[in-house]
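**Student:** What follows is a single structure, and I will ask about it in a moment.
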Amino acid sequence: MSVKVFRWKAIGPLFVLLVIVAILWWIFADGIARHQTQTVGTLMLGAKVEIQDLHLDLPHGQVRMRGLTIASPHEAFKNLVQADEIVADLDVVPLTEKKIIINRVAANGLRFGTPRQTDGRVAAKSGRGIAGRVYAEARDWASRFQVPVLQLATGRVSIDSLDPRRLSTIPAAEALGARADSSRRAWQAAFDTLRIGPTLDSSSTTLERLKHARATDLATINEARQAIDRLKRARDRVTNLEQGVKKGVAALNTGLAGLDSARQRDYAFARGLLKLPSLDAPAVGAALFAPGAIKPFERVLYWVQLARRYMPPGLLPRATTGSPRLRRAGEDVRFPKERALPRFLLRSAELSFSLGPQGYAGRLIGVASDPAVYGRPTLLAASGPQLAAAGLLNHVRGTPLDTAGATVGGIRLPAFTLPGVPLRLDPGAATTELGFNLNGDTIHARFAVHSTNVRWDRDSGFADNQIGDLIWRAVSGISTLELEARVSGELHHPQLAVRSNLDQAIASRLRAVLGEQVAAAERQMRARVDASINGKVGPVRARVTDVESQAQSQVSQQRTRVDELQRALEQRLRDMLGGFRLP
Amino acid sequence: MFALLKLIQSLFGALHSEGTPGQLAAGIAVGSILGLTPLVNLPNAVVFAALVLLNVSFAGGMLGWAVFVPIGFLLDPLFDWIGHALLFTPSLTPLWTSLYNVPIVPLTNFNNTVVLGSLVFAVLFAIPLFLAARYGVVRYRATIAGRVAQSKWYRALTTSKLYNVYRMFRP
């Protein structure tokens with residue numbers, strides 16, 4: 001029995017099914033495309049993408065979008081861009097290869113930074129997907145800059161507690177006191193060993209006898225001469241002791257001077273406990289403007305890194321997470337091929353946009369998902385009144401190079417509060433410059449703001465603050481702002497330098513005000529040091545002085561008595577002998 | 001409940017159909033491909049068209065699809081692993097690169113690890129499944145099919161409206 005291979009009667013129902021599918025596509029294609037574009041756009045950019053209306057006209061290879069809104073991935077209630085209408089001319093044949101080739105896009109009515117009602121950030125909140133990872137990386141990069149903080153909210157200089165045990169004067173005083181006591185005992189012992197008393201007593205007795213003796217009383221005269229010799233030897237001993245005392249006194253005086261030096265060291269140590277804000281102009285500039293100046297760099301880096309992920313260099317197969325579905329998403333692997341079309345290519349886009357009241361024109365060329373396949377870099381250029389901007393994303397070779405530069409004039413920048421200082425700065429209509437170069441992992445970027453009509457507002461919360469007053473007086477008369485921030489170095493170790501014309505003005509005012517506070521705090525700290533050490537140093541100093549004076553007095557008294565007695569004996573002998581010298 | 005009833009109807013409808021064991025087994029094998037691979041894919045459209053147009057058991061196909069959908073979910077990690085291994089095999093890279101840049105083929109999503117892994121697994125698995133199913137149907141019909149066909153509940157099952165729909169596509 002032969003078995004039929006085909007079930008011909010099923011062709012009818014299958015055809016009906018295909019017709020139903022075609023009708024459903026015709027009805028819902030625009031909605032599906034709109035929904036998919038929103039979903040994919042949101043996932044790719046890390047911010048909500050909303051489209052009011054999208055119409056696919058595949059026979060004519062055209063896609064028309066109205067009311068495109070892309071939220072800012074960085075600011076909660078701001079849009080990155082809004083477009084009134086975008087018309088894209090598609091190459092239809094590559095769609096069969098699942099490749100989107102857009103020959104030309106005309107975007108009209110672009111507006112940047114418009115407000116929105118809801119928070120449109122996605123990457124910042126979820127942290128998922130490529131955009132989420134890039135956002136986290138950019139945040140991490142921005143947080144690597146060490147920005148000094150001005151702690152001037154109260155204008156106070158704080159003082160840490162002083163531990164007396166850490167002062168060097170007190171142990172030095174105790175050591176000196178011990179040395180003084182030791183010297184006193186040593187000198188007393190030396191004085192006792194002089195045995196001056198018996199010599200003086202016997203010499204006094206001899207002198208009394210000599211007063212009543214005659215010139216022929218040779219025994220008495222000899223006794224007197226022996227007494228004089230004994231007195232001379234006693235004086236030599238006293239002299240030796242006196243020299244020892246002098247050396248000891250000098251050593252104790254050195255010890256007293258050492259106490260003064262130790263006190264100075266303790267003052268210095270106590271000064272180190274004061275928490276003083278930095279008053280250098282560059283540090284002030286960095287503290288005031290770095291937090292705001294880092295943001296443009298962080299945002300540009302986010303977009304550049306996102307472009308590097310979606311437009312990677314090279315031709316190797318690359319895997320990305322597959323589209324979400326009920327089953328496991330898996331990974332989609334791309335196999336770019338030389339001299340073939342990339343998966344996505346926007347050949348040219350004409351942009352018409354407005355910044356404030358002014359209208360501008362821009363051009364975007366060669367946005368390709370596989371730059372090595374396309375073989376040319378992406379170029380961006382925009383121009384208009386007071387605007388010049390250009391960018392290049394060159395991912396054609398192994399080491400990607402991304403560079404961009406823009407100068408925009410006459411644009412009102414938003415007012416912002418200076419961190420740590422009770423002031424709000426409104427730059428007004430300013431000229432903003434941004435230069436960015438990321439070659440591989442080496443970054444060189446510059447952000448500058450020039451304004452000649454700066455306005456200052458004072459934070460009412462600091463109405464009674466002295467520093468607030470003085471800084472307000474220092475800067476409120478300044479009507480120009482020259483701000484420049486530079487980032488350089490490897491991406492993993494970037495260096496930031498910020499300077500402005502306000503740095504010096506604010507720093508000098510801070511130095512003037514805080515200088516007085518610092519001096520007062522230092523006086524207070526010295527008083528604390530003095531209070532801790534005077535109780536120890538005073539008695540030691542008195543004891544040393546007492547020991548010195550007592551020793552010197554004792555030596556001096558004995559020496560005087562010896563000298564007087566010797567002179568008296570010699571005088572009596574001269575009187576008795578009338579100038580005749582006995583052998 | 002409806003799905004379970006439909007599954008039972010499909011099962012017994014197929015087993016007692018006029019089709020040969022080979023037709024029934026082929027239907028189950030083709031249906032298993034639908035169940036094991038992610039549903040919304042161009043290859044599945046082709047497989048579904050084959051199931052409709054080829055003279056295999058449509059009921060068997062529905063049965064295979066219904067049975068292998070949950071198995072497909074369970075085996076997704078295995079499919080992911082197979083697909084990853086195939087797509088990243090250096091010797092196959094030229095093949096994938098060529099296919100990726102040929103019209104229509106990229107629309108099959110073959111470059112997705114789960115799609116490729118499940119498709120390869122399902123196609124290879126279809127052959128032993130076909131042989132096992134054919135043997136099972138032959139044994140069933142030779143042993144207990146007659147008694148089942150005489151039972152009251154089978155008659156109740158076959159008189160339902162769903163059975164009438166099924167009859168449109170029976171071999």
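Naming works like this for the structure tokens: A, B, ... for the chains as they're shown, residue 1 at the start of each chain, ligands 1 onward in shown order.
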With only C-alpha atoms as the counted atoms, please give the residues lying no more than 8 Å from A:Ala47, apart from itself and same-chain residues fewer than 3 positions off, as a ChimeraX atom specification.
**Tutor:** /A:42-43,70-73,120-123
**Student:** For a quick test of understanding: name the residues of chain A lying within 8 Å of chain B when counting only C-alpha atoms, and present them as a ChimeraX atom specification.
**Tutor:** /A:4-8,10-11,14,94,96-98,317,322,327-337,340
**Student:** Mind listing the strand (DSSP E) residues of stretch 379-518 of chain A, per DSSP on the backbone, as an MDAnalysis selection string?
**Tutor:** chainID A and resid 379:384 387:394 401:412 416:417 423:426 429:439 442:451 455:458 481:490 495:500
**Student:** As a PDB file with C-alpha atoms, in the first residue's frame, please: every residue in stretch 300-495 of chain A that a backbone DSSP assignment puts in helix (DSSP H, G or I).
**Tutor:**
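Written file, result-v7.pdb:
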ATOM      1  CA  VAL A 300      30.788  62.078  28.157  1.00  0.00           C
ATOM      2  CA  LEU A 301      32.674  59.019  29.368  1.00  0.00           C
ATOM      3  CA  TYR A 302      29.345  57.180  29.797  1.00  0.00           C
ATOM      4  CA  TRP A 303      28.356  57.842  26.191  1.00  0.00           C
ATOM      5  CA  VAL A 304      31.800  57.059  24.819  1.00  0.00           C
ATOM      6  CA  GLN A 305      32.035  53.798  26.740  1.00  0.00           C
ATOM      7  CA  LEU A 306      28.516  52.910  25.626  1.00  0.00           C
ATOM      8  CA  ALA A 307      29.578  53.572  22.033  1.00  0.00           C
ATOM      9  CA  ARG A 308      32.601  51.329  22.542  1.00  0.00           C
ATOM     10  CA  ARG A 309      30.371  48.511  23.774  1.00  0.00           C
ATOM     11  CA  TYR A 310      27.889  48.821  20.916  1.00  0.00           C
ATOM     12  CA  PRO A 371      33.182  49.740  12.533  1.00  0.00           C
ATOM     13  CA  ALA A 372      35.864  47.347  11.299  1.00  0.00           C
ATOM     14  CA  VAL A 373      33.365  46.019   8.742  1.00  0.00           C
ATOM     15  CA  TYR A 374      32.257  49.486   7.703  1.00  0.00           C
ATOM     16  CA  SER A 460      19.743  82.369  53.789  1.00  0.00           C
ATOM     17  CA  GLY A 461      20.721  79.565  56.168  1.00  0.00           C
ATOM     18  CA  PHE A 462      24.066  81.259  56.677  1.00  0.00           C
ATOM     19  CA  GLN A 466      30.870  85.396  59.767  1.00  0.00           C
ATOM     20  CA  ILE A 467      32.626  83.441  57.069  1.00  0.00           C
ATOM     21  CA  GLY A 468      29.524  83.559  54.927  1.00  0.00           C
ATOM     22  CA  ASP A 469      29.560  87.338  55.296  1.00  0.00           C
ATOM     23  CA  LEU A 470      33.167  87.690  54.309  1.00  0.00           C
ATOM     24  CA  ILE A 471      33.062  85.303  51.375  1.00  0.00           C
ATOM     25  CA  TRP A 472      29.911  86.988  50.202  1.00  0.00           C
ATOM     26  CA  ARG A 473      31.704  90.337  50.334  1.00  0.00           C
ATOM     27  CA  ALA A 474      34.709  88.832  48.555  1.00  0.00           C
ATOM     28  CA  VAL A 475      32.863  87.370  45.598  1.00  0.00           C
TER      29      VAL A 475
END
**Student:** Tell me which protein, DNA and RNA residues are within 12 Å of B:Arg155, counting only C-alpha atoms, leaving out same-chain ones fewer than 5 positions away, and put them as a VMD selection string.
**Tutor:** chain B and resid 9 12 to 13 16 147 to 150 160 163
**Student:** Would you compute the distance between atom CA of A:Glu433 and atom CA of A:Ala138? Give it in Å to one decimal.
**Tutor:**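 Straight-line distance from atom CA of A:Glu433 to atom CA of A:Ala138 works out to 20.9 Å.
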**Student:** Neighbours of stretch 484-494 of chain A within 7 Å (only C-alpha atoms; same-chain residues fewer than 3 positions away dropped), as a PyMOL selection string?
**Tutor:** chain A and resi 293+441-449+497-500
